[in-house]
Amino acid sequence: MNKDHVEGDLLNRTLAIALRNLTELNGKFQKLSETVQSLCPMLRNCSESLCPSGWKIHNQHCYRFSTDTVNWDSAKQQCESQTSHLIIINTEQEQNSLENNPGDYWIGLTDRESEGNWKWVDGTPVSFTRWDQGEPNNWNGHENCAIIRSGCWNDFRCTRYYRFICEKRALPCVEAADIEKYCS
């Protein structure tokens, strides 16, 4: 065999491999494109609603105010079953946003592990408080869970029945124009 024939044969094999790889990549691209297109209706819906139906949005967080009354443990469990947690109030702004909701609500604050050492349901220490005057007082030695009442916090027995507030992060804002770049 001459040198030109060997080089030509090698070039043909290389081109054949490149063509197979290109065909395979094209197939993968088509599947990816179909996946993106199938997500478009959901993305369009997300751009319109950052929180699930029935939840209120404030400062990149979604809040659900329950209408049923349960004990603190049930409130915690119900929030967790909705991929959320009992509300954790970190700032005065967040606290103030809750004051338009009359009634008593469980919040995600407890000192069950160590009396007087209040922690949020995610284990973080308390950096902001709005305890009512004389609270927390652990009345009769059995008040280890907190409610919000008239804009202030109060410790109560965890077995009492109150409504509750669940909290979760809002979906990130997706601009409609950004969605249409990929979905049109």
# chains A, B, ... in the order shown; residues from 1 in each chain; ligands from 1
call {"tool": "closest_atom_pairs", "arguments": {"of": "region 74-98 of chain A", "to": "region 158-165 of chain A", "cutoff": "12 Å", "atoms": "only C-alpha atoms", "output": "JSON lines"}}
result
{"residue": "A:Ser74", "atom": "CA", "partner": "A:Thr159", "partner_atom": "CA", "distance": 9.4}
{"residue": "A:Ala75", "atom": "CA", "partner": "A:Phe164", "partner_atom": "CA", "distance": 6.2}
{"residue": "A:Lys76", "atom": "CA", "partner": "A:Phe164", "partner_atom": "CA", "distance": 8.6}
{"residue": "A:Gln77", "atom": "CA", "partner": "A:Phe164", "partner_atom": "CA", "distance": 11.1}
{"residue": "A:Gln78", "atom": "CA", "partner": "A:Phe164", "partner_atom": "CA", "distance": 9.5}
{"residue": "A:Cys79", "atom": "CA", "partner": "A:Ile165", "partner_atom": "CA", "distance": 8.1}
{"residue": "A:Glu80", "atom": "CA", "partner": "A:Ile165", "partner_atom": "CA", "distance": 11.5}
{"residue": "A:Gln82", "atom": "CA", "partner": "A:Ile165", "partner_atom": "CA", "distance": 11.8}
{"residue": "A:Ser84", "atom": "CA", "partner": "A:Ile165", "partner_atom": "CA", "distance": 9.9}
{"residue": "A:His85", "atom": "CA", "partner": "A:Ile165", "partner_atom": "CA", "distance": 8.4}
{"residue": "A:Leu86", "atom": "CA", "partner": "A:Ile165", "partner_atom": "CA", "distance": 5.8}
{"residue": "A:Ile87", "atom": "CA", "partner": "A:Ile165", "partner_atom": "CA", "distance": 5.7}
{"residue": "A:Ile88", "atom": "CA", "partner": "A:Ile165", "partner_atom": "CA", "distance": 9.3}
{"residue": "A:Ile89", "atom": "CA", "partner": "A:Ile165", "partner_atom": "CA", "distance": 10.7}
{"residue": "A:Leu98", "atom": "CA", "partner": "A:Ile165", "partner_atom": "CA", "distance": 9.7}
call {"tool": "write_last_selection", "arguments": {"atoms": "N, CA, C and O atoms", "output": "PDB file, in the first residue's frame"}}
result
ATOM      1  N   SER A  74     -48.302  18.798  65.817  1.00  0.00           N
ATOM      2  CA  SER A  74     -49.072  18.580  64.587  1.00  0.00           C
ATOM      3  C   SER A  74     -48.864  19.724  63.605  1.00  0.00           C
ATOM      4  O   SER A  74     -48.779  19.495  62.391  1.00  0.00           O
ATOM      5  N   ALA A  75     -48.783  20.948  64.115  1.00  0.00           N
ATOM      6  CA  ALA A  75     -48.529  22.103  63.251  1.00  0.00           C
ATOM      7  C   ALA A  75     -47.177  21.938  62.562  1.00  0.00           C
ATOM      8  O   ALA A  75     -47.055  22.134  61.344  1.00  0.00           O
ATOM      9  N   LYS A  76     -46.170  21.562  63.321  1.00  0.00           N
ATOM     10  CA  LYS A  76     -44.823  21.352  62.766  1.00  0.00           C
ATOM     11  C   LYS A  76     -44.864  20.277  61.691  1.00  0.00           C
ATOM     12  O   LYS A  76     -44.316  20.446  60.596  1.00  0.00           O
ATOM     13  N   GLN A  77     -45.543  19.184  61.970  1.00  0.00           N
ATOM     14  CA  GLN A  77     -45.632  18.066  61.031  1.00  0.00           C
ATOM     15  C   GLN A  77     -46.399  18.466  59.761  1.00  0.00           C
ATOM     16  O   GLN A  77     -45.988  18.122  58.652  1.00  0.00           O
ATOM     17  N   GLN A  78     -47.492  19.208  59.921  1.00  0.00           N
ATOM     18  CA  GLN A  78     -48.260  19.625  58.742  1.00  0.00           C
ATOM     19  C   GLN A  78     -47.432  20.546  57.844  1.00  0.00           C
ATOM     20  O   GLN A  78     -47.495  20.436  56.616  1.00  0.00           O
ATOM     21  N   CYS A  79     -46.674  21.458  58.439  1.00  0.00           N
ATOM     22  CA  CYS A  79     -45.822  22.331  57.635  1.00  0.00           C
ATOM     23  C   CYS A  79     -44.777  21.504  56.883  1.00  0.00           C
ATOM     24  O   CYS A  79     -44.569  21.694  55.681  1.00  0.00           O
ATOM     25  N   GLU A  80     -44.146  20.590  57.580  1.00  0.00           N
ATOM     26  CA  GLU A  80     -43.111  19.761  56.959  1.00  0.00           C
ATOM     27  C   GLU A  80     -43.680  18.911  55.829  1.00  0.00           C
ATOM     28  O   GLU A  80     -43.005  18.669  54.829  1.00  0.00           O
ATOM     29  N   GLN A  82     -45.710  19.845  53.760  1.00  0.00           N
ATOM     30  CA  GLN A  82     -45.885  20.747  52.621  1.00  0.00           C
ATOM     31  C   GLN A  82     -44.543  21.363  52.203  1.00  0.00           C
ATOM     32  O   GLN A  82     -44.492  22.457  51.662  1.00  0.00           O
ATOM     33  N   SER A  84     -42.255  22.724  53.937  1.00  0.00           N
ATOM     34  CA  SER A  84     -42.064  24.020  54.587  1.00  0.00           C
ATOM     35  C   SER A  84     -41.752  23.762  56.055  1.00  0.00           C
ATOM     36  O   SER A  84     -41.498  22.629  56.443  1.00  0.00           O
ATOM     37  N   HIS A  85     -41.781  24.810  56.862  1.00  0.00           N
ATOM     38  CA  HIS A  85     -41.563  24.673  58.292  1.00  0.00           C
ATOM     39  C   HIS A  85     -42.419  25.712  59.004  1.00  0.00           C
ATOM     40  O   HIS A  85     -42.886  26.678  58.381  1.00  0.00           O
ATOM     41  N   LEU A  86     -42.642  25.509  60.297  1.00  0.00           N
ATOM     42  CA  LEU A  86     -43.302  26.558  61.071  1.00  0.00           C
ATOM     43  C   LEU A  86     -42.486  27.828  60.918  1.00  0.00           C
ATOM     44  O   LEU A  86     -41.256  27.784  60.833  1.00  0.00           O
ATOM     45  N   ILE A  87     -43.156  28.947  60.888  1.00  0.00           N
ATOM     46  CA  ILE A  87     -42.502  30.221  60.588  1.00  0.00           C
ATOM     47  C   ILE A  87     -41.335  30.511  61.528  1.00  0.00           C
ATOM     48  O   ILE A  87     -41.415  30.268  62.741  1.00  0.00           O
ATOM     49  N   ILE A  88     -40.265  31.004  60.936  1.00  0.00           N
ATOM     50  CA  ILE A  88     -39.080  31.469  61.657  1.00  0.00           C
ATOM     51  C   ILE A  88     -39.007  32.970  61.407  1.00  0.00           C
ATOM     52  O   ILE A  88     -38.850  33.397  60.273  1.00  0.00           O
ATOM     53  N   ILE A  89     -39.139  33.749  62.468  1.00  0.00           N
ATOM     54  CA  ILE A  89     -39.185  35.208  62.334  1.00  0.00           C
ATOM     55  C   ILE A  89     -37.819  35.777  62.684  1.00  0.00           C
ATOM     56  O   ILE A  89     -37.411  35.772  63.840  1.00  0.00           O
ATOM     57  N   LEU A  98     -46.668  40.312  59.595  1.00  0.00           N
ATOM     58  CA  LEU A  98     -47.631  39.347  60.125  1.00  0.00           C
ATOM     59  C   LEU A  98     -48.759  40.001  60.917  1.00  0.00           C
ATOM     60  O   LEU A  98     -49.754  39.354  61.222  1.00  0.00           O
TER      61      LEU A  98
END
call {"tool": "residues_around", "arguments": {"residues": "Gly123 (chain A)", "least_positions_apart": "6", "cutoff": "10 Å", "atoms": "only C-alpha atoms", "output": "number ranges by chain"}}
result
A: 108-110
call {"tool": "write_last_selection", "arguments": {"atoms": "all heavy atoms", "output": "PDB file, in the first residue's frame"}}
result
ATOM      1  N   GLY A 108     -42.494  28.725  64.867  1.00  0.00           N
ATOM      2  CA  GLY A 108     -41.511  27.641  64.969  1.00  0.00           C
ATOM      3  C   GLY A 108     -40.478  27.832  66.055  1.00  0.00           C
ATOM      4  O   GLY A 108     -39.286  27.629  65.820  1.00  0.00           O
ATOM      5  N   LEU A 109     -40.912  28.200  67.246  1.00  0.00           N
ATOM      6  CA  LEU A 109     -39.998  28.518  68.341  1.00  0.00           C
ATOM      7  C   LEU A 109     -40.295  27.626  69.539  1.00  0.00           C
ATOM      8  O   LEU A 109     -41.451  27.492  69.955  1.00  0.00           O
ATOM      9  CB  LEU A 109     -40.183  29.992  68.709  1.00  0.00           C
ATOM     10  CG  LEU A 109     -39.163  30.650  69.613  1.00  0.00           C
ATOM     11  CD1 LEU A 109     -37.754  30.565  69.038  1.00  0.00           C
ATOM     12  CD2 LEU A 109     -39.538  32.120  69.826  1.00  0.00           C
ATOM     13  N   THR A 110     -39.248  27.022  70.101  1.00  0.00           N
ATOM     14  CA  THR A 110     -39.424  26.137  71.245  1.00  0.00           C
ATOM     15  C   THR A 110     -38.185  26.146  72.139  1.00  0.00           C
ATOM     16  O   THR A 110     -37.078  26.422  71.672  1.00  0.00           O
ATOM     17  CB  THR A 110     -39.733  24.685  70.786  1.00  0.00           C
ATOM     18  OG1 THR A 110     -39.947  23.859  71.930  1.00  0.00           O
ATOM     19  CG2 THR A 110     -38.620  24.111  69.937  1.00  0.00           C
TER      20      THR A 110
END
call {"tool": "select_by_dssp", "arguments": {"residues": "chain A", "states": "strand (DSSP E or B)", "output": "PyMOL selection string"}}
result
chain A and resi 56-58+61-65+70+85-86+104-110+119-120+125+131+145-149+152-156+162-169
call {"tool": "atom_distance", "arguments": {"atom1": "CA of Pro102 (chain A)", "atom2": "CA of Glu115 (chain A)"}}
result
28.5 Å
call {"tool": "closest_residue", "arguments": {"among": "A:Arg130, A:Arg64, A:Arg20, A:His58", "to": "Ala170 (chain A)", "atoms": "only C-alpha atoms"}}
result
A:His58
call {"tool": "atom_distance", "arguments": {"atom1": "CA of Thr35 (chain A)", "atom2": "CA of Cys51 (chain A)"}}
result
23.7 Å
call {"tool": "residues_around", "arguments": {"residues": "Arg149 (chain A)", "least_positions_apart": "6", "cutoff": "10 Å", "atoms": "only C-alpha atoms", "output": "JSON, numbers by chain"}}
result
{"A": [99, 101, 102, 103, 104, 105, 106, 131, 132]}
call {"tool": "closest_residue", "arguments": {"among": "A:Asn59, A:Ser38, A:Asn12, A:Asn138", "to": "Lys168 (chain A)", "atoms": "only C-alpha atoms"}}
result
A:Asn59
call {"tool": "atom_distance", "arguments": {"atom1": "CA of Arg112 (chain A)", "atom2": "CA of Asn154 (chain A)"}}
result
14.7 Å
call {"tool": "select_by_dssp", "arguments": {"residues": "region 18-178 of chain A", "states": "helix (DSSP H, G or I)", "output": "JSON, numbers by chain"}}
result
{"A": [18, 19, 20, 21, 22, 23, 24, 25, 26, 27, 28, 29, 30, 31, 32, 33, 34, 35, 36, 37, 38, 39, 40, 41, 42, 43, 44, 45, 46, 47, 48, 72, 73, 74, 75, 76, 77, 78, 79, 80, 92, 93, 94, 95, 96, 97, 139, 140, 141, 176, 177, 178]}
call {"tool": "closest_residue", "arguments": {"among": "A:Thr23, A:Thr67, A:Gln93, A:Asn144", "to": "Trp120 (chain A)", "atoms": "only C-alpha atoms"}}
result
A:Asn144
